[in-house]
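**Q** Below is one structure. I have some questions about it.
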Amino acid sequence: MNNNKPEQGIILSVNVSSHKGQKKHNIGTCLLIEGQGVKGDAHAGMEIRQVSLLAQESIDKIRAKGLEVQPGDFAENLTTKGIILHEFPIGTRFAMGSDVILELSQIGKVCHNHCAIYQQVGDCVMPREGVFALVITGGEVMQGDSIREIT
C-alpha cells in the first residue's frame with residue numbers, strides 16, 4: 001500500500017448466487033443498494049458483510065496449487081485486480097464506477113465447515129484475504145469499472 005497516492009484497480013467480475021453456500025456466477029453488472037448489498041444476491045442485507053470482494057491475486061495463489069478456480073468460486077460478489085483490499089484497514093472507503101462508495105467492514109471470515117476448495121488443496125484464501133464492505137452510496141457497478149481508494 002502506497003500512502004502517498006491512492007491505490008487503484010479494476011473490477012474483473014461481478015458475481016451473484018441465488019442461494020447461500022453456492023459458487024457465484026458472473027452477471028457483468030449489478031446494482032449495489034445502500035445499506036443492503038448486491039440486488040438479487042443471496043447475501044444481500046447482511047449487516048456488516050453486505051458485499052464480498054476478493055482479489056484475482058488471491059485466487060491465483062490457489063491456482064498455483066493446481067486447482068482451476070475462477071472468479072466467483074469463492075462466493076465473492078466482486079473480483080478485483082491490481083488492488084489488494086485485505087491490506088487496507090477497516091473503515092477504508094473505495095469508489096467504484098461513477099458514484100458507488102463502499103466501506104471496508106471486515107477482513108477475512110471464520111469458515112466453520114471447510115469448503116470444497118479447502119478439501120481439494122488444503123487451503124482457501126477467503127478466510128484470510130476475502131474482504132467485506134458496507135454500501136455507503138449505491139449505484140451500478142460493472143466489469144471493467146475502476147475501484148480506487150478514497151483518501
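The chains in the C-alpha cells are called A, B, ... from first to last as shown; in each chain the residues are counted from 1, and the ligands are counted from 1 in the order shown.
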Quick one: residues within 6 Å of Val135 of chain A, only C-alpha atoms counted, chain neighbours fewer than 3 positions away excluded, as a PyMOL selection string?

**A** chain A and resi 34-35+102

**Q** Skip segment 36-47 of chain A itself and residues of its chain fewer than 4 positions away, then list as a list in words all residues within 7 Å of it, counting only C-alpha atoms.

**A**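 The neighbour list is Val16, Ser17, Ser18, His19, Lys20, Cys30, Leu31, Leu32, Val51 and Val135 of chain A.
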
**Q** Could the residues of segment 4-108 of chain A that have an atom at most 12 Å from segment 138-150 of chain A be listed as JSON lines, each with its closest atom pair and the distance in Å to one decimal, counting only C-alpha atoms and ordered by chain and ascending residue number?

**A**
```
{"residue": "A:Asn4", "atom": "CA", "partner": "A:Glu149", "partner_atom": "CA", "distance": 11.7}
{"residue": "A:Lys5", "atom": "CA", "partner": "A:Glu149", "partner_atom": "CA", "distance": 9.0}
{"residue": "A:Pro6", "atom": "CA", "partner": "A:Glu149", "partner_atom": "CA", "distance": 5.3}
{"residue": "A:Glu7", "atom": "CA", "partner": "A:Glu149", "partner_atom": "CA", "distance": 5.4}
{"residue": "A:Gln8", "atom": "CA", "partner": "A:Arg148", "partner_atom": "CA", "distance": 4.2}
{"residue": "A:Gly9", "atom": "CA", "partner": "A:Ile147", "partner_atom": "CA", "distance": 5.2}
{"residue": "A:Ile10", "atom": "CA", "partner": "A:Ser146", "partner_atom": "CA", "distance": 4.3}
{"residue": "A:Ile11", "atom": "CA", "partner": "A:Gly144", "partner_atom": "CA", "distance": 5.3}
{"residue": "A:Leu12", "atom": "CA", "partner": "A:Gln143", "partner_atom": "CA", "distance": 5.4}
{"residue": "A:Ser13", "atom": "CA", "partner": "A:Gln143", "partner_atom": "CA", "distance": 5.3}
{"residue": "A:Val14", "atom": "CA", "partner": "A:Gln143", "partner_atom": "CA", "distance": 6.2}
{"residue": "A:Asn15", "atom": "CA", "partner": "A:Gln143", "partner_atom": "CA", "distance": 9.8}
{"residue": "A:Asn26", "atom": "CA", "partner": "A:Gln143", "partner_atom": "CA", "distance": 9.0}
{"residue": "A:Ile27", "atom": "CA", "partner": "A:Met142", "partner_atom": "CA", "distance": 8.7}
{"residue": "A:Gly28", "atom": "CA", "partner": "A:Gln143", "partner_atom": "CA", "distance": 5.3}
{"residue": "A:Thr29", "atom": "CA", "partner": "A:Met142", "partner_atom": "CA", "distance": 4.0}
{"residue": "A:Cys30", "atom": "CA", "partner": "A:Val141", "partner_atom": "CA", "distance": 5.5}
{"residue": "A:Leu31", "atom": "CA", "partner": "A:Glu140", "partner_atom": "CA", "distance": 4.5}
{"residue": "A:Leu32", "atom": "CA", "partner": "A:Gly138", "partner_atom": "CA", "distance": 4.9}
{"residue": "A:Ile33", "atom": "CA", "partner": "A:Gly138", "partner_atom": "CA", "distance": 4.7}
{"residue": "A:Glu34", "atom": "CA", "partner": "A:Gly138", "partner_atom": "CA", "distance": 4.7}
{"residue": "A:Gly35", "atom": "CA", "partner": "A:Gly138", "partner_atom": "CA", "distance": 8.3}
{"residue": "A:Gln36", "atom": "CA", "partner": "A:Gly138", "partner_atom": "CA", "distance": 9.1}
{"residue": "A:Gly37", "atom": "CA", "partner": "A:Gly138", "partner_atom": "CA", "distance": 8.4}
{"residue": "A:Val38", "atom": "CA", "partner": "A:Gly138", "partner_atom": "CA", "distance": 9.3}
{"residue": "A:Lys39", "atom": "CA", "partner": "A:Glu140", "partner_atom": "CA", "distance": 10.1}
{"residue": "A:Gln50", "atom": "CA", "partner": "A:Gly138", "partner_atom": "CA", "distance": 11.6}
{"residue": "A:Val51", "atom": "CA", "partner": "A:Gly138", "partner_atom": "CA", "distance": 11.4}
{"residue": "A:Leu53", "atom": "CA", "partner": "A:Ile147", "partner_atom": "CA", "distance": 11.2}
{"residue": "A:Ala55", "atom": "CA", "partner": "A:Ile147", "partner_atom": "CA", "distance": 11.5}
{"residue": "A:Pro71", "atom": "CA", "partner": "A:Gln143", "partner_atom": "CA", "distance": 11.7}
{"residue": "A:Asn77", "atom": "CA", "partner": "A:Val141", "partner_atom": "CA", "distance": 10.8}
{"residue": "A:Leu78", "atom": "CA", "partner": "A:Gln143", "partner_atom": "CA", "distance": 8.9}
{"residue": "A:Thr79", "atom": "CA", "partner": "A:Gln143", "partner_atom": "CA", "distance": 9.1}
{"residue": "A:Thr80", "atom": "CA", "partner": "A:Ile147", "partner_atom": "CA", "distance": 7.9}
{"residue": "A:Lys81", "atom": "CA", "partner": "A:Ile147", "partner_atom": "CA", "distance": 9.1}
{"residue": "A:Gly82", "atom": "CA", "partner": "A:Ile147", "partner_atom": "CA", "distance": 9.2}
{"residue": "A:Ile83", "atom": "CA", "partner": "A:Ile147", "partner_atom": "CA", "distance": 8.0}
{"residue": "A:Ile84", "atom": "CA", "partner": "A:Glu149", "partner_atom": "CA", "distance": 10.7}
{"residue": "A:Leu85", "atom": "CA", "partner": "A:Glu149", "partner_atom": "CA", "distance": 9.3}
{"residue": "A:Glu87", "atom": "CA", "partner": "A:Glu149", "partner_atom": "CA", "distance": 11.8}
{"residue": "A:Phe88", "atom": "CA", "partner": "A:Glu149", "partner_atom": "CA", "distance": 9.2}
{"residue": "A:Pro89", "atom": "CA", "partner": "A:Glu149", "partner_atom": "CA", "distance": 11.3}
{"residue": "A:Gly91", "atom": "CA", "partner": "A:Ile150", "partner_atom": "CA", "distance": 10.8}
{"residue": "A:Thr92", "atom": "CA", "partner": "A:Glu149", "partner_atom": "CA", "distance": 7.3}
{"residue": "A:Arg93", "atom": "CA", "partner": "A:Ile150", "partner_atom": "CA", "distance": 5.5}
{"residue": "A:Phe94", "atom": "CA", "partner": "A:Glu149", "partner_atom": "CA", "distance": 4.5}
{"residue": "A:Ala95", "atom": "CA", "partner": "A:Arg148", "partner_atom": "CA", "distance": 5.4}
{"residue": "A:Met96", "atom": "CA", "partner": "A:Ile147", "partner_atom": "CA", "distance": 4.5}
{"residue": "A:Gly97", "atom": "CA", "partner": "A:Asp145", "partner_atom": "CA", "distance": 5.0}
{"residue": "A:Ser98", "atom": "CA", "partner": "A:Glu140", "partner_atom": "CA", "distance": 8.2}
{"residue": "A:Asp99", "atom": "CA", "partner": "A:Gly139", "partner_atom": "CA", "distance": 6.5}
{"residue": "A:Val100", "atom": "CA", "partner": "A:Gly138", "partner_atom": "CA", "distance": 5.2}
{"residue": "A:Ile101", "atom": "CA", "partner": "A:Gly138", "partner_atom": "CA", "distance": 6.9}
{"residue": "A:Leu102", "atom": "CA", "partner": "A:Gly138", "partner_atom": "CA", "distance": 8.4}
{"residue": "A:Glu103", "atom": "CA", "partner": "A:Ile150", "partner_atom": "CA", "distance": 9.8}
{"residue": "A:Leu104", "atom": "CA", "partner": "A:Glu149", "partner_atom": "CA", "distance": 10.4}
```

**Q** Where does DSSP see helix (DSSP H, G or I) in segment 24-131 of chain A, if you list the residues as a list in words?

**A**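 Restricting segment 24-131 of chain A to helix (DSSP H, G or I) produces Gln56, Glu57, Ser58, Ile59, Asp60, Lys61, Ile62, Arg63, Leu85, His86, Glu87, Ala116, Ile117, Tyr118, Gln119, Gln120, Val121, Met126, Pro127, Arg128 and Glu129 of chain A.
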
**Q** Near Ala75 of chain A, counting only C-alpha atoms, which residues have an atom at most 6 Å away, once you skip same-chain residues fewer than 2 positions from it, shown as a PDB file with C-alpha atoms, in the first residue's frame?

**A**
```
ATOM      1  CA  LYS A  23     -20.353 -20.507  -6.036  1.00  0.00           C
ATOM      2  CA  LYS A  24     -21.408 -17.259  -7.661  1.00  0.00           C
ATOM      3  CA  GLY A  72     -16.992 -16.306  -8.145  1.00  0.00           C
ATOM      4  CA  ASP A  73     -15.783 -19.736  -6.997  1.00  0.00           C
TER       5      ASP A  73
END
```

**Q** Can you tell me how far atom CA of Glu76 of chain A sits from atom CA of Val131 of chain A, in Å to one decimal?

**A**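 These atoms are spaced 8.8 Å apart.
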
**Q** So which residues of chain A fall under strand (DSSP E) by DSSP, listed as an MDAnalysis selection string?

**A** chainID A and resid 8:16 25:26 29:33 37:38 51:55 78:81 93:96 100:107 131:137 139:142 146:150

**Q** Restricting the output to C-alpha atoms, write the selected residues as an mmCIF file, in the first residue's frame.

**A**
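Done, and the output landed in selection.cif:
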```cif
data_model
loop_
_atom_site.group_PDB
_atom_site.id
_atom_site.type_symbol
_atom_site.label_atom_id
_atom_site.label_comp_id
_atom_site.auth_asym_id
_atom_site.auth_seq_id
_atom_site.Cartn_x
_atom_site.Cartn_y
_atom_site.Cartn_z
ATOM 1 C CA GLN A 8 -6.456 1.724 -7.753
ATOM 2 C CA GLY A 9 -7.504 -1.451 -9.530
ATOM 3 C CA ILE A 10 -10.309 -2.781 -11.697
ATOM 4 C CA ILE A 11 -13.401 -4.929 -11.255
ATOM 5 C CA LEU A 12 -12.781 -8.191 -13.159
ATOM 6 C CA SER A 13 -16.043 -9.941 -12.359
ATOM 7 C CA VAL A 14 -19.457 -9.123 -10.838
ATOM 8 C CA ASN A 15 -20.860 -12.276 -9.221
ATOM 9 C CA VAL A 16 -24.152 -13.359 -7.640
ATOM 10 C CA HIS A 25 -21.668 -16.639 -11.398
ATOM 11 C CA ASN A 26 -20.625 -13.536 -13.316
ATOM 12 C CA THR A 29 -23.152 -5.688 -13.972
ATOM 13 C CA CYS A 30 -25.128 -5.246 -10.777
ATOM 14 C CA LEU A 31 -26.948 -2.720 -8.671
ATOM 15 C CA LEU A 32 -25.490 -2.089 -5.216
ATOM 16 C CA ILE A 33 -28.160 -0.922 -2.804
ATOM 17 C CA GLY A 37 -25.626 -5.089 -0.816
ATOM 18 C CA VAL A 38 -25.958 -6.604 -4.280
ATOM 19 C CA VAL A 51 -20.659 -7.043 -0.340
ATOM 20 C CA SER A 52 -17.805 -9.539 -0.539
ATOM 21 C CA LEU A 53 -14.650 -8.862 -2.527
ATOM 22 C CA LEU A 54 -11.602 -10.939 -3.397
ATOM 23 C CA ALA A 55 -8.539 -10.056 -5.460
ATOM 24 C CA LEU A 78 -16.706 -8.561 -6.794
ATOM 25 C CA THR A 79 -13.415 -9.916 -8.068
ATOM 26 C CA THR A 80 -10.752 -7.208 -8.325
ATOM 27 C CA LYS A 81 -7.288 -6.908 -9.811
ATOM 28 C CA ARG A 93 -13.517 3.682 1.630
ATOM 29 C CA PHE A 94 -13.415 2.757 -2.025
ATOM 30 C CA ALA A 95 -15.128 4.350 -5.014
ATOM 31 C CA MET A 96 -16.223 2.275 -7.986
ATOM 32 C CA VAL A 100 -20.602 3.866 -5.756
ATOM 33 C CA ILE A 101 -18.825 4.067 -2.392
ATOM 34 C CA LEU A 102 -18.029 1.014 -0.256
ATOM 35 C CA GLU A 103 -16.517 0.976 3.229
ATOM 36 C CA LEU A 104 -14.321 -1.932 4.309
ATOM 37 C CA SER A 105 -16.102 -3.579 7.252
ATOM 38 C CA GLN A 106 -14.406 -6.967 7.752
ATOM 39 C CA ILE A 107 -11.248 -8.729 6.630
ATOM 40 C CA VAL A 131 -12.999 -8.733 2.486
ATOM 41 C CA PHE A 132 -16.470 -7.449 3.181
ATOM 42 C CA ALA A 133 -17.851 -3.968 2.776
ATOM 43 C CA LEU A 134 -20.851 -1.798 3.519
ATOM 44 C CA VAL A 135 -22.600 0.017 0.697
ATOM 45 C CA ILE A 136 -22.370 3.715 1.647
ATOM 46 C CA THR A 137 -23.573 5.068 -1.707
ATOM 47 C CA GLY A 139 -25.389 2.530 -7.809
ATOM 48 C CA GLU A 140 -24.394 0.368 -10.729
ATOM 49 C CA VAL A 141 -21.083 -1.493 -10.881
ATOM 50 C CA MET A 142 -19.865 -3.369 -13.935
ATOM 51 C CA SER A 146 -12.181 1.094 -11.712
ATOM 52 C CA ILE A 147 -12.019 0.600 -7.956
ATOM 53 C CA ARG A 148 -9.975 3.152 -6.076
ATOM 54 C CA GLU A 149 -9.153 4.045 -2.515
ATOM 55 C CA ILE A 150 -10.705 7.322 -1.366
#
```

**Q** Expressed in Å to a single decimal, how great is the separation between atom CA of His86 of chain A and atom CA of Lys65 of chain A?

**A**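 So the answer is 20.8 Å.
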